[in-house]
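Engineer: File name final_38.csv; file contents CSV, C-alpha atoms; full text below.
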```
chain,number,residue,atom,x,y,z
W,227,MET,CA,-2.2,-37.9,18.9
W,228,PRO,CA,1.2,-39.5,19.0
W,229,ILE,CA,3.3,-39.2,15.9
W,230,THR,CA,6.3,-41.6,15.3
W,231,ARG,CA,9.5,-39.6,14.7
W,232,ARG,CA,11.4,-40.4,11.5
W,233,LYS,CA,15.1,-39.8,11.2
W,234,THR,CA,15.2,-38.4,7.7
W,235,LEU,CA,12.9,-37.0,5.1
W,236,ALA,CA,9.7,-38.5,6.5
W,237,LEU,CA,7.6,-36.2,4.4
W,238,ALA,CA,9.0,-37.7,1.2
W,239,CYS,CA,7.0,-40.8,1.8
W,240,ALA,CA,3.9,-39.2,3.3
W,241,PRO,CA,0.7,-41.0,2.3
W,242,TRP,CA,-0.8,-38.1,0.3
W,243,ALA,CA,-2.6,-40.4,-2.0
W,244,THR,CA,-4.8,-41.7,0.8
W,245,LEU,CA,-6.2,-38.2,1.7
W,246,GLN,CA,-9.3,-38.1,-0.5
W,247,PRO,CA,-11.2,-34.9,-1.0
W,248,ILE,CA,-14.6,-34.7,0.6
W,249,ALA,CA,-17.1,-33.1,-1.8
W,250,ALA,CA,-19.9,-32.5,0.6
W,251,ARG,CA,-19.5,-31.7,4.3
W,252,ALA,CA,-21.8,-33.6,6.7
W,253,GLN,CA,-23.9,-31.6,9.1
W,254,THR,CA,-22.1,-31.3,12.4
W,255,PRO,CA,-23.5,-30.0,15.7
W,256,THR,CA,-20.5,-27.8,16.4
W,257,SER,CA,-18.1,-25.5,14.4
W,258,ARG,CA,-14.6,-26.8,14.0
W,259,ILE,CA,-11.2,-25.2,14.1
W,260,VAL,CA,-8.2,-27.2,13.0
W,261,ALA,CA,-4.8,-25.9,14.0
W,262,SER,CA,-1.6,-27.3,12.5
W,263,PHE,CA,0.1,-28.1,15.8
W,264,SER,CA,-0.5,-28.3,19.6
W,265,ILE,CA,0.8,-24.8,20.6
W,266,LEU,CA,-1.4,-23.1,18.1
W,267,ALA,CA,-4.4,-25.3,19.1
W,268,ASP,CA,-4.0,-24.2,22.7
W,269,MET,CA,-3.9,-20.5,21.6
W,270,ALA,CA,-7.0,-21.1,19.5
W,271,GLN,CA,-8.8,-22.8,22.4
W,272,GLU,CA,-8.1,-19.7,24.6
W,273,LEU,CA,-9.6,-17.4,22.0
W,274,ALA,CA,-12.3,-19.5,20.3
W,275,PRO,CA,-16.0,-18.5,20.7
W,276,ALA,CA,-18.4,-20.7,22.6
W,277,GLY,CA,-19.5,-23.9,20.9
W,278,VAL,CA,-16.4,-24.2,18.7
W,279,GLN,CA,-14.2,-27.4,18.8
W,280,VAL,CA,-10.5,-27.0,18.4
W,281,THR,CA,-8.1,-29.8,17.4
W,282,ALA,CA,-4.5,-30.1,16.3
W,283,LEU,CA,-3.1,-32.1,13.4
W,284,VAL,CA,0.2,-32.5,15.2
W,285,GLY,CA,-0.4,-33.3,18.9
W,286,PRO,CA,1.5,-32.9,22.1
W,287,ASN,CA,5.1,-34.2,22.3
W,288,ALA,CA,5.1,-34.6,18.5
W,289,ASP,CA,7.5,-33.1,15.9
W,290,ALA,CA,5.7,-31.1,13.2
W,291,HIS,CA,8.9,-31.1,11.2
W,292,VAL,CA,8.5,-34.8,10.4
W,293,TYR,CA,4.7,-35.0,10.5
W,294,GLU,CA,3.1,-37.7,8.3
W,295,PRO,CA,-0.6,-37.0,7.4
W,296,SER,CA,-3.2,-39.7,7.9
W,297,PRO,CA,-6.6,-40.1,6.2
W,298,ALA,CA,-8.3,-39.1,9.4
W,299,ASP,CA,-6.4,-35.8,9.4
W,300,GLY,CA,-7.5,-35.2,5.8
W,301,ARG,CA,-11.1,-35.7,6.8
W,302,ARG,CA,-10.7,-33.4,9.8
W,303,LEU,CA,-9.3,-30.7,7.5
W,304,ALA,CA,-12.1,-31.1,5.0
W,305,GLN,CA,-14.7,-30.7,7.7
W,306,ALA,CA,-13.1,-27.7,9.3
W,307,ASP,CA,-14.8,-24.2,9.5
W,308,LEU,CA,-11.4,-22.6,9.8
W,309,VAL,CA,-7.8,-23.7,9.7
W,310,VAL,CA,-5.0,-22.0,11.7
W,311,ILE,CA,-1.3,-22.3,10.8
W,312,ASN,CA,1.9,-20.8,12.0
W,313,GLY,CA,3.3,-19.8,8.6
W,314,LEU,CA,6.9,-18.7,8.0
W,315,GLY,CA,7.5,-22.0,6.4
W,316,PHE,CA,7.0,-24.0,9.6
W,317,GLU,CA,4.4,-26.3,8.1
W,318,GLY,CA,6.1,-27.2,4.8
W,319,TRP,CA,3.4,-29.9,4.2
W,320,ILE,CA,0.3,-27.8,4.9
W,321,GLU,CA,-0.5,-26.3,1.5
W,322,ARG,CA,-0.4,-29.7,-0.3
W,323,MET,CA,-2.4,-31.3,2.5
W,324,ILE,CA,-5.1,-28.7,2.3
W,325,LYS,CA,-5.3,-29.0,-1.4
W,326,VAL,CA,-5.6,-32.8,-1.3
W,327,SER,CA,-8.1,-32.8,1.5
W,328,GLY,CA,-10.6,-30.6,-0.4
W,329,TYR,CA,-10.8,-27.9,2.3
W,330,ARG,CA,-11.9,-24.6,0.7
W,331,GLY,CA,-12.2,-22.3,3.7
W,332,ARG,CA,-10.0,-19.6,5.1
W,333,VAL,CA,-6.5,-20.3,6.3
W,334,ALA,CA,-5.6,-18.0,9.2
W,335,ILE,CA,-1.8,-17.3,9.4
W,336,ALA,CA,-0.9,-16.6,13.1
W,337,THR,CA,2.4,-14.9,12.3
W,338,GLN,CA,1.0,-12.4,9.9
W,339,GLY,CA,2.8,-9.0,10.4
W,340,ILE,CA,5.7,-10.5,12.3
W,341,LYS,CA,9.1,-9.7,11.0
W,342,PRO,CA,10.9,-13.1,11.2
W,343,ARG,CA,14.5,-13.7,12.3
W,344,GLN,CA,16.9,-14.7,9.5
W,345,GLY,CA,20.0,-16.8,9.9
W,346,GLY,CA,22.5,-17.6,7.1
W,347,HIS,CA,21.8,-20.9,5.4
W,348,HIS,CA,18.9,-21.6,7.7
W,349,GLY,CA,16.7,-19.1,6.0
W,350,THR,CA,13.6,-17.9,8.0
W,351,ASP,CA,13.2,-18.9,11.6
W,352,PRO,CA,9.5,-19.9,12.1
W,353,HIS,CA,9.6,-20.3,15.9
W,354,ALA,CA,8.2,-16.8,16.7
W,355,TRP,CA,6.0,-18.1,19.6
W,356,GLN,CA,9.1,-18.5,21.7
W,357,ASP,CA,8.9,-14.7,22.3
W,358,LEU,CA,5.9,-13.7,24.4
W,359,ALA,CA,5.8,-10.3,22.8
W,360,MET,CA,5.3,-12.1,19.5
W,361,ALA,CA,2.6,-14.2,21.1
W,362,ARG,CA,0.5,-11.0,21.4
W,363,ARG,CA,0.5,-10.8,17.6
W,364,TYR,CA,-0.5,-14.4,17.4
W,365,ALA,CA,-3.5,-13.7,19.6
W,366,VAL,CA,-4.5,-10.6,17.6
W,367,ASN,CA,-4.3,-12.4,14.3
W,368,ILE,CA,-6.2,-15.5,15.5
W,369,SER,CA,-8.9,-13.4,17.2
W,370,ALA,CA,-9.3,-11.4,14.0
W,371,ALA,CA,-9.8,-14.5,12.0
W,372,PHE,CA,-12.4,-15.8,14.5
W,373,ALA,CA,-14.3,-12.5,14.6
W,374,GLN,CA,-14.5,-12.6,10.8
W,375,ARG,CA,-15.7,-16.2,10.7
W,376,TRP,CA,-18.2,-15.8,13.6
W,377,PRO,CA,-19.2,-12.1,13.6
W,378,GLU,CA,-22.1,-12.7,15.8
W,379,GLN,CA,-19.7,-13.5,18.6
W,380,ARG,CA,-17.3,-10.6,18.0
W,381,GLU,CA,-17.7,-9.1,21.5
W,382,ALA,CA,-17.1,-12.4,23.3
W,383,ILE,CA,-14.0,-13.0,21.1
W,384,ALA,CA,-12.6,-9.5,21.9
W,385,ALA,CA,-13.1,-10.1,25.6
W,386,ARG,CA,-11.2,-13.4,25.4
W,387,GLU,CA,-8.4,-11.8,23.4
W,388,ALA,CA,-8.0,-9.0,26.0
W,389,ASP,CA,-7.9,-11.5,28.9
W,390,TYR,CA,-5.4,-13.7,27.1
W,391,ILE,CA,-3.1,-10.8,26.1
W,392,ALA,CA,-3.1,-9.6,29.7
W,393,ARG,CA,-1.9,-13.0,30.9
W,394,ILE,CA,0.7,-13.1,28.1
W,395,ASP,CA,2.0,-9.7,29.2
W,396,ARG,CA,2.1,-10.7,32.9
W,397,LEU,CA,4.1,-13.8,32.1
W,398,ASP,CA,6.4,-11.8,29.8
W,399,ARG,CA,7.3,-9.5,32.8
W,400,GLN,CA,7.8,-12.5,35.1
W,401,VAL,CA,10.2,-14.1,32.6
W,402,ARG,CA,12.2,-10.9,32.3
W,403,GLU,CA,12.4,-10.6,36.1
W,404,GLN,CA,13.5,-14.2,36.5
W,405,LEU,CA,16.3,-13.9,33.9
W,406,ALA,CA,17.5,-10.6,35.3
W,407,ALA,CA,18.7,-12.5,38.3
W,408,VAL,CA,21.3,-14.3,36.1
W,409,PRO,CA,24.4,-12.4,35.0
W,410,ARG,CA,24.2,-11.8,31.2
W,411,GLU,CA,27.6,-13.5,30.6
W,412,LYS,CA,26.3,-16.8,32.2
W,413,ARG,CA,23.2,-17.1,30.0
W,414,ARG,CA,24.4,-19.7,27.6
W,415,VAL,CA,22.3,-22.8,26.8
W,416,ILE,CA,22.7,-25.8,24.5
W,417,THR,CA,19.6,-27.4,22.9
W,418,SER,CA,19.1,-30.1,20.3
W,419,HIS,CA,17.9,-27.8,17.5
W,420,ASP,CA,17.8,-24.1,16.9
W,421,ALA,CA,14.3,-23.4,18.1
W,422,PHE,CA,14.9,-20.8,20.8
W,423,GLY,CA,16.3,-17.9,18.8
W,424,TYR,CA,13.3,-15.6,19.5
W,425,PHE,CA,13.5,-16.5,23.2
W,426,GLY,CA,17.2,-15.7,23.2
W,427,ALA,CA,16.8,-12.4,21.4
W,428,ALA,CA,13.9,-11.3,23.7
W,429,TYR,CA,15.4,-12.3,27.0
W,430,GLY,CA,19.1,-12.1,26.5
W,431,VAL,CA,20.0,-15.8,26.4
W,432,ASP,CA,22.6,-17.3,24.0
W,433,PHE,CA,21.3,-20.6,22.6
W,434,MET,CA,23.5,-23.0,20.7
W,435,ALA,CA,22.4,-26.1,18.8
W,436,PRO,CA,24.0,-28.8,16.6
W,437,GLN,CA,20.9,-28.8,14.3
W,438,GLY,CA,19.3,-26.0,12.4
W,439,TRP,CA,15.7,-24.9,12.5
W,440,ALA,CA,14.4,-28.2,11.4
W,441,THR,CA,14.9,-31.7,12.9
W,442,HIS,CA,14.7,-34.1,10.0
W,443,SER,CA,18.5,-34.2,9.3
W,444,GLU,CA,21.3,-35.3,11.5
W,445,PRO,CA,23.9,-32.7,12.6
W,446,SER,CA,27.4,-33.1,11.1
W,447,ALA,CA,30.3,-34.4,13.2
W,448,ALA,CA,32.0,-31.0,12.8
W,449,ALA,CA,29.0,-29.2,14.3
W,450,VAL,CA,28.9,-31.5,17.3
W,451,ALA,CA,32.7,-31.1,17.8
W,452,ARG,CA,32.4,-27.3,17.6
W,453,LEU,CA,29.7,-27.3,20.3
W,454,ILE,CA,31.7,-29.5,22.6
W,455,ARG,CA,34.6,-27.0,22.3
W,456,GLN,CA,32.2,-24.1,23.0
W,457,ILE,CA,30.8,-25.8,26.1
W,458,ARG,CA,34.3,-26.3,27.4
W,459,ASN,CA,35.8,-23.0,26.4
W,460,GLN,CA,32.9,-20.7,27.2
W,461,GLY,CA,31.8,-22.4,30.4
W,462,VAL,CA,28.3,-23.3,29.2
W,463,ARG,CA,26.4,-24.5,32.2
W,464,ALA,CA,23.0,-25.5,30.8
W,465,VAL,CA,22.5,-28.4,28.4
W,466,PHE,CA,18.8,-29.3,27.7
W,467,ILE,CA,16.9,-32.2,26.1
W,468,GLU,CA,13.9,-31.2,24.0
W,469,ASN,CA,10.6,-33.0,24.2
W,470,ILE,CA,10.4,-33.6,20.4
W,471,SER,CA,14.0,-34.7,19.9
W,472,ASP,CA,16.0,-37.9,20.4
W,473,PRO,CA,17.8,-37.3,23.7
W,474,ARG,CA,20.9,-39.3,22.7
W,475,LEU,CA,22.6,-36.3,20.9
W,476,ILE,CA,22.3,-34.1,24.0
W,477,GLU,CA,23.4,-36.9,26.3
W,478,ARG,CA,26.5,-37.4,24.2
W,479,LEU,CA,27.3,-33.7,24.2
W,480,ALA,CA,26.9,-33.5,28.0
W,481,SER,CA,29.0,-36.6,28.5
W,482,GLU,CA,31.9,-35.6,26.3
W,483,ALA,CA,31.9,-32.0,27.6
W,484,GLY,CA,31.6,-33.0,31.2
W,485,VAL,CA,28.4,-31.1,32.0
W,486,ARG,CA,25.1,-32.2,33.4
W,487,ILE,CA,21.7,-32.1,31.6
W,488,GLY,CA,19.6,-29.3,33.1
W,489,GLY,CA,16.2,-30.9,32.2
W,490,THR,CA,13.7,-30.8,29.3
W,491,LEU,CA,12.7,-27.8,27.3
W,492,TYR,CA,9.5,-27.6,25.2
W,493,SER,CA,10.2,-26.1,21.8
W,494,ASP,CA,7.7,-27.1,19.0
W,495,ALA,CA,5.0,-28.9,21.0
W,496,LEU,CA,3.2,-29.0,24.3
W,497,SER,CA,3.5,-31.7,26.8
W,498,ALA,CA,0.6,-34.0,27.6
W,499,PRO,CA,-2.2,-32.0,29.3
W,500,ASP,CA,-1.2,-33.1,32.8
W,501,GLY,CA,2.5,-32.4,32.1
W,502,PRO,CA,4.6,-29.4,32.9
W,503,ALA,CA,3.8,-27.7,29.6
W,504,GLY,CA,0.2,-28.6,28.9
W,505,THR,CA,-0.6,-25.1,27.6
W,506,TYR,CA,1.4,-22.5,25.8
W,507,LEU,CA,1.7,-20.2,28.8
W,508,ARG,CA,2.7,-23.1,31.0
W,509,LEU,CA,5.3,-24.1,28.3
W,510,MET,CA,6.9,-20.6,28.4
W,511,GLU,CA,6.8,-20.5,32.2
W,512,HIS,CA,8.4,-24.0,32.5
W,513,ASN,CA,11.1,-23.2,30.0
W,514,ALA,CA,12.1,-19.9,31.7
W,515,ARG,CA,12.1,-21.5,35.2
W,516,SER,CA,14.1,-24.5,34.0
W,517,ILE,CA,16.7,-22.3,32.3
W,518,VAL,CA,17.1,-20.0,35.3
W,519,THR,CA,17.4,-22.9,37.7
W,520,ALA,CA,20.1,-24.6,35.6
W,521,LEU,CA,22.1,-21.4,35.1
W,522,GLN,CA,22.0,-20.7,38.9
W,523,ALA,CA,23.0,-24.2,39.9
```
Using the file provided, produce a representation of the structure as structure tokens.
Structural biologist:
Amino acid sequence: MPITRRKTLALACAPWATLQPIAARAQTPTSRIVASFSILADMAQELAPAGVQVTALVGPNADAHVYEPSPADGRRLAQADLVVINGLGFEGWIERMIKVSGYRGRVAIATQGIKPRQGGHHGTDPHAWQDLAMARRYAVNISAAFAQRWPEQREAIAAREADYIARIDRLDRQVREQLAAVPREKRRVITSHDAFGYFGAAYGVDFMAPQGWATHSEPSAAAVARLIRQIRNQGVRAVFIENISDPRLIERLASEAGVRIGGTLYSDALSAPDGPAGTYLRLMEHNARSIVTALQA
């Protein structure tokens, strides 16, 4: 579901008035889970019991920070059997949208129990999925919500959870092994916005970005100049475009600092299904491999 990116304060003009409550839910042949964005939808799909349809409000390659709701999204919410969100303030629009849509069911918060990163004037960092160890907690929380909603499928849900967590743990070990091959002092990366703090803390990579944890405001000239100085002075070797961000800022940083762009990282959204980050685990695998390749070049 492509979403057009807006430069500033897109939510301020979101068409809330068009999202009418639905008083009576039509009979549907399948149960429905609605996740707030594509990464959560993929996790939910991995864990959902048989016969349950999973959709995302904010789809692949789309920026949840500047999401604008549509009447169709409101109807999907109203007809959902369960809604899954990230929490930690990531979806600043979700509470109002749920209220206006008329949805009265449970809202499962995937980050429940996670101690979030804090960062000065940025507040709480919501991008906890960027640490695979945190993704284990996502899986546990989502599975618990599913088991409560569909208790007759509790055993099947538990089996899917165990399998998914085993794959998460296996990839976590792989990422650590890959990054161990790069000297710690060389692990410095520039990205568009500060979405990789959990990845950096977990795997020993220093990420720097001209934008904070959201993408709906332009970075200051001072922030851009500061990053250019850091790239030159600290020998930063990896500068990356993000799939949800306008590439021109990173292209300018790379040009003015005299470094090459190492590729594309996936921060807040999956790629298209046939792309390099069509699932959450493929996203994490791609990002780690891209970072290591760029740092070793």
Engineer: Would you mind telling me which residue in W:Arg330, W:Arg396, W:Arg363, W:His512 lies nearest to Asp307 in chain W when using all atoms listed in the file?
Structural biologist: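 Smallest distance to Asp307 in chain W is found for W:Arg330.
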Engineer: Any idea what's packed within 9 Å of Pro275 in chain W, counting all atoms listed in the file, ignoring anything in its chain fewer than 2 positions away? Could you give it as an MDAnalysis selection string?
Structural biologist: chainID W and resid 271:273 277:278 372:373 376 379:380 382:383 386
Engineer: Nearest to Ala261 in chain W: which of W:Gln305, W:Asn312, W:Gln356, W:Ser481 is it, counting all atoms listed in the file?
Structural biologist: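 Looking at the shortest contact to Ala261 in chain W, the residue is W:Asn312.
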Engineer: Pick out the closest residue to Met323 in chain W from this set: W:Ser264, W:Gly349, W:Glu294, W:Gly339. Count only C-alpha atoms.
Structural biologist: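 Nearest to Met323 in chain W: W:Glu294.
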Engineer: Starting from the point (18.0, -35.7, 26.1), work out which residues of protein, DNA or RNA have an atom no more than 12 Å away when counting only C-alpha atoms; state them as a ChimeraX atom specification.
Structural biologist: /W:416-419,465-481,486-492
Engineer: Near Gln404 in chain W, within 12 Å and counting only C-alpha atoms, which residues show up once chain neighbours fewer than 2 positions away are dropped, as a PDB file with C-alpha atoms, in the frame of the given file?
Structural biologist:
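Writing the result to selection.pdb gives the following:
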```
ATOM      1  CA  LEU W 397       4.100 -13.800  32.100  1.00  0.00           C
ATOM      2  CA  ASP W 398       6.400 -11.800  29.800  1.00  0.00           C
ATOM      3  CA  ARG W 399       7.300  -9.500  32.800  1.00  0.00           C
ATOM      4  CA  GLN W 400       7.800 -12.500  35.100  1.00  0.00           C
ATOM      5  CA  VAL W 401      10.200 -14.100  32.600  1.00  0.00           C
ATOM      6  CA  ARG W 402      12.200 -10.900  32.300  1.00  0.00           C
ATOM      7  CA  ALA W 406      17.500 -10.600  35.300  1.00  0.00           C
ATOM      8  CA  ALA W 407      18.700 -12.500  38.300  1.00  0.00           C
ATOM      9  CA  VAL W 408      21.300 -14.300  36.100  1.00  0.00           C
ATOM     10  CA  PRO W 409      24.400 -12.400  35.000  1.00  0.00           C
ATOM     11  CA  TYR W 429      15.400 -12.300  27.000  1.00  0.00           C
ATOM     12  CA  GLY W 430      19.100 -12.100  26.500  1.00  0.00           C
ATOM     13  CA  GLU W 511       6.800 -20.500  32.200  1.00  0.00           C
ATOM     14  CA  HIS W 512       8.400 -24.000  32.500  1.00  0.00           C
ATOM     15  CA  ASN W 513      11.100 -23.200  30.000  1.00  0.00           C
ATOM     16  CA  ALA W 514      12.100 -19.900  31.700  1.00  0.00           C
ATOM     17  CA  ARG W 515      12.100 -21.500  35.200  1.00  0.00           C
ATOM     18  CA  SER W 516      14.100 -24.500  34.000  1.00  0.00           C
ATOM     19  CA  ILE W 517      16.700 -22.300  32.300  1.00  0.00           C
ATOM     20  CA  VAL W 518      17.100 -20.000  35.300  1.00  0.00           C
ATOM     21  CA  THR W 519      17.400 -22.900  37.700  1.00  0.00           C
ATOM     22  CA  LEU W 521      22.100 -21.400  35.100  1.00  0.00           C
ATOM     23  CA  GLN W 522      22.000 -20.700  38.900  1.00  0.00           C
TER      24      GLN W 522
END
```
Engineer: For CA of Gln344 in chain W and CA of Tyr424 in chain W, determine how far apart the two atoms are, in Å to one decimal place.
Structural biologist: 10.7 Å
Engineer: For each of W:Ala288, W:Ile368, W:Ala282, W:Ala483, take the minimum atom-to-atom distance to Ser497 in chain W, counting all atoms listed in the file, then give the residue where this is smallest.
Structural biologist: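 When distances to Ser497 in chain W are compared using all atoms listed in the file, the smallest one comes from W:Ala288.
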Engineer: Counting only C-alpha atoms, select every polymer residue within 7 Å of (3.6, -12.5, 13.0) as defined in the file's coordinates, and provide the selection as JSON, numbers by chain.
Structural biologist: {"W": [336, 337, 338, 339, 340, 341, 360, 363, 364]}
Engineer: So which one's closest to Ala365 in chain W, W:Asp432, W:Asp420, W:Asp268, W:Asp494? Using only C-alpha atoms, please.
Structural biologist: W:Asp268
Engineer: Interatomic distance between CA of Val280 in chain W and CA of Arg332 in chain W?
Structural biologist: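 Atom-to-atom, CA of Val280 in chain W to CA of Arg332 in chain W, that is 15.2 Å.
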Engineer: Quick one, how far is CA of Ile394 in chain W from CA of Ala359 in chain W?
Structural biologist: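 CA of Ala359 in chain W lies at a distance of 7.9 Å from CA of Ile394 in chain W.
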Engineer: Nearest residue to Gln279 in chain W out of W:Leu308, W:Ala427, W:Met510, W:Ala451, using all atoms listed in the file?
Structural biologist: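 Of all the options, W:Leu308 lies closest to Gln279 in chain W.
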